[in-house]
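Colleague: Got a structure for you, written out below as C-alpha cells; questions coming shortly.
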Amino acid sequence: MGRKKITIKKITDERNRQVTFSKRKFGLMKKAYELSVLCGCEVGLIMFTGTNNKLFQYASSDMDRILLRYTEYNEPHESRTNEDIIKVLKFYFILILLTYYYYNQI
C-alpha cells in the first residue's frame, strides 16, 4: 500500500510543523549523504527554521571549504528556486496528462 499524497503548503499547526521539520530534516540530510557517497561529490546543506531561526547544516566535508569554493566560483552554473521547481512540476504534470489522453483515446 502506497503512502497518502499530501498537499504541499505551509503547515499551520506549530507542533505538526516542528515534527514534520524534524523528520524531513533527517531525510534531507540522509539524501545529501547518499548523494555525496554514491556520486563522489561535495555537498553542503544549510537550513534555518522558520520559527526561531535556528541553523542546521550538513557537509560531506568541511563546510567552510565548501562555502569558500561556492563564493569563489565564477563559471555559469545551475541555480534553482521554489518557483523554478513549481514550473518544472507543472510542465511534467501537463506532459503526463497529455500522454495519458493520447494513449487512452477511443
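We label chains A, B, ... in the order they appear in the C-alpha cells, count residues from 1 in each chain, and number ligands from 1 in the order shown.
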Find the residues near segment 48-54 of chain A: any atom within 9 Å, counting only C-alpha atoms, skip ones fewer than 6 places away on the same chain, and give them as a CSV table (one decimal) with N, CA and C atoms, in the first residue's frame.
Modeller:
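Output saved as around27.csv:
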chain,number,residue,atom,x,y,z
A,14,GLU,N,1.6,24.7,14.7
A,14,GLU,CA,3.1,24.8,15.1
A,14,GLU,C,3.7,23.5,15.5
A,18,GLN,N,6.7,21.5,13.4
A,18,GLN,CA,8.0,21.2,14.1
A,18,GLN,C,8.3,19.7,13.9
A,21,PHE,N,9.2,19.1,10.3
A,21,PHE,CA,10.6,19.7,10.0
A,21,PHE,C,11.6,18.7,10.5
Colleague: Among chain A, which ones does DSSP place in alpha helix (DSSP H), written as number ranges by chain?
Modeller: A: 14-39, 63-72, 82-103
Colleague: Can you list every residue in chain A that DSSP puts in strand (DSSP E), as a PyMOL selection string?
Modeller: chain A and resi 44-48+55-59
Colleague: List as a VMD selection string the protein and nucleic acid residues near segment 64-81 of chain A, meaning an atom at most 9 Å away when only C-alpha atoms are counted, but skip any in the same chain fewer than 6 places from it.
Modeller: chain A and resid 42 to 44
Colleague: Based on the selection just made, write C-alpha atoms of those residues as a compact mmCIF listing (two decimals), in the first residue's frame.
Modeller:
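Done, and the output landed in out14.txt:
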# COMPACT_ATOMS: atom_id res chain seq x y z
CA GLU A 42 30.86 17.57 -2.11
CA VAL A 43 27.51 18.50 -0.60
CA GLY A 44 26.74 21.44 1.66
Colleague: Could you check which of A:Lys10, A:Arg17, A:Lys25, A:Arg3 is closest to Gln57 of chain A, using only C-alpha atoms?
Modeller: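 Of all the options, A:Lys25 lies closest to Gln57 of chain A.
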Colleague: Using only C-alpha atoms for the distances, tell me which of A:Ser22, A:Ser36, A:Ser60, A:Asn82 is nearest to Ile8 of chain A.
Modeller: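 The answer is A:Asn82, which sits nearest to Ile8 of chain A.
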Colleague: Rounded to one decimal place, report the atom CA of Glu34 of chain A-atom CA of Asp84 of chain A distance in Å.
Modeller: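 Between atom CA of Glu34 of chain A and atom CA of Asp84 of chain A the gap is 24.2 Å.
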Colleague: Restricting the calculation to only C-alpha atoms, which member of A:Asp62, A:Met47, A:Val37, A:Lys4 is positioned closest to Arg24 of chain A?
Modeller: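 Ranked by minimum distance to Arg24 of chain A, first place goes to A:Met47.
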